[in-house]
Amino acid sequence: MEMVTNESEILKKLNDEQREPASVIDGPVLVTAGAGSGKTRLLTHRIAYMVKEKGIFPNQILAITFTNKAANEMKERLGKMIDGAENMWICTFHAMCSRILRREIGLIGYTKSFSIYGDTEKNRVIKRIIEAKEIDMNAETFAWHISNAKNNLMSAGEYSKYIHDKKKCEIITKVYLEYESELFKANALDFDDLLVKTYKLFKENPDTLNFYQNKFKYIFVDEFQDTNTAQYELVKLLAGDNKNIFAVGDEDQCIYSWRGAQVENVKRFTKDFENCKIFKLEQNYRSTKNIINVANKVIKFNHSRIDKNLWTNNDNGSEIEIKQTYNDIEEAEFIAEKINDLVEDGGKKYSDFAILMRVNSLSRIIEEKLLTYNIPYRVYGGYKFFERKEIKDTTAYLYLIENPNDTEATLRMLSFPKKGIGDVTISNLIEIAENNNISVLNLIMNAEKYGVSGSLLSKLKTIQDLFNDLNEKKEAMDLNEFVEYLIKRVGIKEAIGTKTEDDLNKCLNIDDFVKSVNEYSSANQDASIDDFLQSITLMRDIDSMNESDDFVSLLTIHSAKGLEFDTVFIVGLNDGLFPLSRAINSPDPNDLEEERRLMYVAITRAKNKLFLSRSKVKFNYESKKTEYTMPSRFLPEMFDDFKQKSSAVLKSNINENGFDSYLSQRARKQSLDEKMSSHANIVNVSGNINNSQSSAYESVSQAVKANDYSKFKKGTRVRHAHFGDGIVTLGVTDFASAFVTINFEKVGIKTLSLKYAKLEIIE
């Protein structure tokens, strides 16, 4: 083992906690790095130290990150610190495997021009299979099982034994086998295959494995707690006899078990790599003391973890604010108004804010309120740009240029733009292709040879001419020129049309696609079509986040992993929503622990300000009723006095809302009591909310309105700090919510809450 000497200028820039693991160059090292503890700084400085002061060649280093964004950040930092950073492999697991397979996949029966299928293509293949077999199950169920099998490196036969006690085990296995066959014929891999086929390549070809073991003498793995079985086994294979592996992770941030991540891999590492050195990073550089305090409190309720306690030298900072609103519309109103106040009076930028949610469905109402207040925002963790239909339809032609065997791309090509070829004819073409053991595009390009005639032949000749032309132009044009030519030659925008606003937006998306190709071409000279397609296939929507953009970010907590923001709102903190009902009711305690880890991740995204919010009533789309909610059990875990705070908020709200609100709430009290009695186990965790509400109800008969909302009646002229002057078109009808509708002269009709809008009545 080689330790750092006192002369190291690079490692002097690290703190004591970071410097110690950075100085251990040889052998296995595990660093459990708490949130915001500077692990990226540790990784980059250790690599720079190895290259500049220990003479290790950059091309001997492999650094595996969890996201493309993290990989790009590491490349940028190292590019400023050392020469030769461009010779390192700094990439995600999937990008690493794709790069290896582009070189070596011929050894396991595929060609190097293989397509990579995302979820859209994967589900389309499965749907075709189950429709042909007349199976009455949804494609998503099969997709989950296939992914689960692959993440655990199980063949169809092995997975059949693994799920032998489950219903429809035989059907799942058959669809898995058929799916694998379809992908092989299409010369295509799905995301999970990138890992599985690389593992297969290494296991079946020792010489190839030996080459990469010798190439990568030093391996770094970031976010190690999120590795699944396939990723873990790949790391073990690559580490070989050298075992120079530096793993950085935090089991408190393991939040991807639903896609195969195993928090147990952190413990497995210490057993599989003998004489492993273990270090802790517990000093947080990101957040205030108050934020760190609540993060530590909530995560300590988890038992499956290596004990550590985050600490910071930062200031105490602002108190954590808990906001309990009447409904989710009021919750959104509070968030929008708070952002406006902090931008106008607190000197914040919109990009300082993130609104984090457990599930995407919470974003709709918040988006509406941000639009109402003209607050710019972007939603991440949802529908990716390159997954849009019009983009998929365009890239299908590019995939076919590279991989004529791609069945899914062929089917897209046949249906867009419309070519006068119906579904029955397409099915016949597929059958002829299968009978002759060729691809559908190969059949089309040689239609006469396989007996196609008449009007169908003339239609197919148009496709033949198109691809002959495209293949010819491809050789003579740069990537960006070729893509622009293809879009015009195929008539993509003409096929979309301009009849509706949706059509216009789709055409603008095609323009943005061309722009993305131009940007990629500028940054990657001599890049091929295949290079570009690989880059967009492996891209997440979060990778497009740019620090120079001034937008509020709306993210799922999973998407926020690895990011940080000045001010964070965590919304929807109700039991059943966060944590989810299935975790609360699960017999496996690990499910609830994962929800708590999500809470820990969400909290630790915040640097200076943290707001936690929930609504006391929410519309249930299953029962079609508005129901009372229970506070998230994480709230009393974070705040010892939460029960008292909750009681005080309920009481003050009734005093503020007035007697009309009390009558409205009283009418619902019986159903509330029934709901609470049916959730006795939740009440025990969250505190006796029932008693506090009952007490507040008893005192409300003496209450009067603190604010006279009734004066905001129809026809009243008002002034708003952001929207200017307007006239009330609908006065307050529910004093619990206190919403009023106003027609503003400059911005039109807005519905605002009088609790937050700060309206002034003008004569």
# chains A, B, ... in the order shown; residues from 1 in each chain; ligands from 1
call {"tool": "residues_around", "arguments": {"residues": "A:Asp190", "least_positions_apart": "6", "cutoff": "10 Å", "atoms": "only C-alpha atoms", "output": "number ranges by chain"}}
result
A: 115-119, 121-122, 147, 180, 183, 196
call {"tool": "write_last_selection", "arguments": {"atoms": "N, CA and C atoms", "output": "tab-separated table (two decimals), in the first residue's frame"}}
result
chain	number	residue	atom	x	y	z
A	115	SER	N	-28.64	-1.61	-32.74
A	115	SER	CA	-29.47	-0.52	-32.22
A	115	SER	C	-29.65	-0.70	-30.72
A	116	ILE	N	-29.88	0.42	-30.03
A	116	ILE	CA	-30.16	0.36	-28.59
A	116	ILE	C	-31.62	0.75	-28.40
A	117	TYR	N	-32.42	-0.17	-27.88
A	117	TYR	CA	-33.84	0.08	-27.67
A	117	TYR	C	-34.09	0.68	-26.30
A	118	GLY	N	-34.81	1.80	-26.30
A	118	GLY	CA	-35.26	2.38	-25.03
A	118	GLY	C	-36.56	1.74	-24.60
A	119	ASP	N	-37.21	2.32	-23.59
A	119	ASP	CA	-38.45	1.75	-23.07
A	119	ASP	C	-39.55	1.72	-24.12
A	121	GLU	N	-39.36	1.39	-27.48
A	121	GLU	CA	-39.19	0.27	-28.41
A	121	GLU	C	-39.37	-1.07	-27.70
A	122	LYS	N	-38.87	-1.14	-26.49
A	122	LYS	CA	-39.00	-2.38	-25.71
A	122	LYS	C	-40.47	-2.76	-25.55
A	147	SER	N	-36.63	-7.04	-17.31
A	147	SER	CA	-35.58	-6.18	-16.75
A	147	SER	C	-35.06	-6.75	-15.43
A	180	GLU	N	-36.22	-11.99	-26.53
A	180	GLU	CA	-34.79	-12.11	-26.81
A	180	GLU	C	-34.55	-12.48	-28.28
A	183	LEU	N	-35.18	-9.38	-30.52
A	183	LEU	CA	-34.08	-8.41	-30.45
A	183	LEU	C	-32.86	-8.90	-31.22
A	196	VAL	N	-25.71	-6.92	-19.63
A	196	VAL	CA	-25.75	-8.38	-19.70
A	196	VAL	C	-24.83	-8.91	-20.79
call {"tool": "residues_around", "arguments": {"residues": "A:Val740", "least_positions_apart": "4", "cutoff": "12 Å", "atoms": "only C-alpha atoms", "output": "PyMOL selection string"}}
result
chain A and resi 330+709-716+718+726-736+749-759
call {"tool": "residues_around", "arguments": {"residues": "A:Phe532", "least_positions_apart": "3", "cutoff": "10 Å", "atoms": "only C-alpha atoms", "output": "CSV table (one decimal) with all heavy atoms, in the first residue's frame"}}
result
chain,number,residue,atom,x,y,z
A,398,LEU,N,-32.6,7.2,-39.3
A,398,LEU,CA,-31.1,7.2,-39.0
A,398,LEU,C,-30.7,5.8,-38.5
A,398,LEU,O,-29.6,5.3,-38.9
A,398,LEU,CB,-30.8,8.2,-37.9
A,398,LEU,CG,-30.9,9.7,-38.3
A,398,LEU,CD1,-30.7,10.6,-37.1
A,398,LEU,CD2,-29.9,10.0,-39.4
A,479,LEU,N,-22.3,14.8,-40.7
A,479,LEU,CA,-23.4,14.3,-40.0
A,479,LEU,C,-24.5,15.3,-40.0
A,479,LEU,O,-25.7,15.0,-40.3
A,479,LEU,CB,-23.0,14.0,-38.5
A,479,LEU,CG,-24.1,13.7,-37.5
A,479,LEU,CD1,-24.9,12.5,-37.9
A,479,LEU,CD2,-23.6,13.5,-36.1
A,516,SER,N,-29.7,20.2,-32.1
A,516,SER,CA,-29.0,19.3,-31.2
A,516,SER,C,-27.9,18.5,-32.0
A,516,SER,O,-26.8,18.2,-31.5
A,516,SER,CB,-29.9,18.3,-30.5
A,516,SER,OG,-30.4,17.3,-31.4
A,517,VAL,N,-28.2,18.1,-33.2
A,517,VAL,CA,-27.3,17.5,-34.1
A,517,VAL,C,-26.1,18.4,-34.5
A,517,VAL,O,-25.0,18.0,-34.4
A,517,VAL,CB,-28.0,17.0,-35.4
A,517,VAL,CG1,-26.9,16.3,-36.3
A,517,VAL,CG2,-29.1,16.0,-35.1
A,520,TYR,N,-23.9,18.7,-31.4
A,520,TYR,CA,-23.1,17.5,-31.3
A,520,TYR,C,-22.0,17.4,-32.3
A,520,TYR,O,-20.8,17.1,-31.9
A,520,TYR,CB,-24.0,16.3,-31.4
A,520,TYR,CG,-23.3,15.0,-31.1
A,520,TYR,CD1,-23.1,14.5,-29.8
A,520,TYR,CD2,-22.8,14.2,-32.2
A,520,TYR,CE1,-22.4,13.3,-29.6
A,520,TYR,CE2,-22.1,13.1,-32.0
A,520,TYR,CZ,-21.9,12.6,-30.7
A,520,TYR,OH,-21.2,11.4,-30.5
A,521,SER,N,-22.3,17.8,-33.5
A,521,SER,CA,-21.3,17.7,-34.6
A,521,SER,C,-20.1,18.7,-34.3
A,521,SER,O,-19.0,18.4,-34.5
A,521,SER,CB,-21.9,18.0,-35.9
A,521,SER,OG,-22.9,17.1,-36.3
A,524,ASN,N,-18.0,17.3,-31.6
A,524,ASN,CA,-17.4,16.0,-31.9
A,524,ASN,C,-17.1,15.9,-33.4
A,524,ASN,O,-17.9,15.4,-34.1
A,524,ASN,CB,-18.4,14.8,-31.4
A,524,ASN,CG,-18.8,14.9,-30.0
A,524,ASN,OD1,-18.1,14.3,-29.1
A,524,ASN,ND2,-19.9,15.5,-29.7
A,527,ALA,N,-17.8,12.9,-36.1
A,527,ALA,CA,-18.7,11.9,-35.4
A,527,ALA,C,-19.6,11.2,-36.4
A,527,ALA,O,-20.0,11.9,-37.4
A,527,ALA,CB,-19.6,12.6,-34.4
A,528,SER,N,-19.9,10.0,-36.2
A,528,SER,CA,-20.8,9.2,-37.1
A,528,SER,C,-22.2,9.3,-36.7
A,528,SER,O,-22.5,9.7,-35.6
A,528,SER,CB,-20.3,7.8,-37.2
A,528,SER,OG,-20.5,7.1,-35.9
A,529,ILE,N,-23.1,8.8,-37.5
A,529,ILE,CA,-24.5,8.7,-37.2
A,529,ILE,C,-24.6,7.8,-35.9
A,529,ILE,O,-25.4,8.1,-35.0
A,529,ILE,CB,-25.3,8.1,-38.3
A,529,ILE,CG1,-25.3,9.0,-39.5
A,529,ILE,CG2,-26.8,7.8,-37.9
A,529,ILE,CD1,-26.0,8.4,-40.8
A,535,SER,N,-25.3,8.6,-28.2
A,535,SER,CA,-25.3,9.7,-27.2
A,535,SER,C,-26.7,10.1,-26.8
A,535,SER,O,-27.0,10.3,-25.6
A,535,SER,CB,-24.6,10.9,-27.8
A,535,SER,OG,-25.4,11.6,-28.8
A,536,ILE,N,-27.7,10.1,-27.7
A,536,ILE,CA,-29.1,10.5,-27.4
A,536,ILE,C,-29.8,9.3,-26.7
A,536,ILE,O,-30.7,9.6,-25.9
A,536,ILE,CB,-29.9,11.1,-28.5
A,536,ILE,CG1,-30.1,10.0,-29.6
A,536,ILE,CG2,-29.2,12.3,-29.1
A,536,ILE,CD1,-31.0,10.5,-30.7
A,537,THR,N,-29.5,8.1,-27.1
A,537,THR,CA,-30.1,7.0,-26.5
A,537,THR,C,-29.8,6.8,-25.0
A,537,THR,O,-30.7,6.5,-24.2
A,537,THR,CB,-29.8,5.7,-27.2
A,537,THR,OG1,-30.0,5.8,-28.6
A,537,THR,CG2,-30.5,4.5,-26.6
call {"tool": "closest_residue", "arguments": {"among": "A:Met630, A:Met477, A:Leu42, A:Val747", "to": "A:Arg19", "atoms": "only C-alpha atoms"}}
result
A:Leu42
call {"tool": "atom_distance", "arguments": {"atom1": "atom CA of A:Gly106", "atom2": "atom CA of A:Asn468"}}
result
26.1 Å
call {"tool": "residues_around", "arguments": {"residues": "A:Asn316", "least_positions_apart": "2", "cutoff": "7 Å", "atoms": "only C-alpha atoms", "output": "number ranges by chain"}}
result
A: 288-290, 314, 318
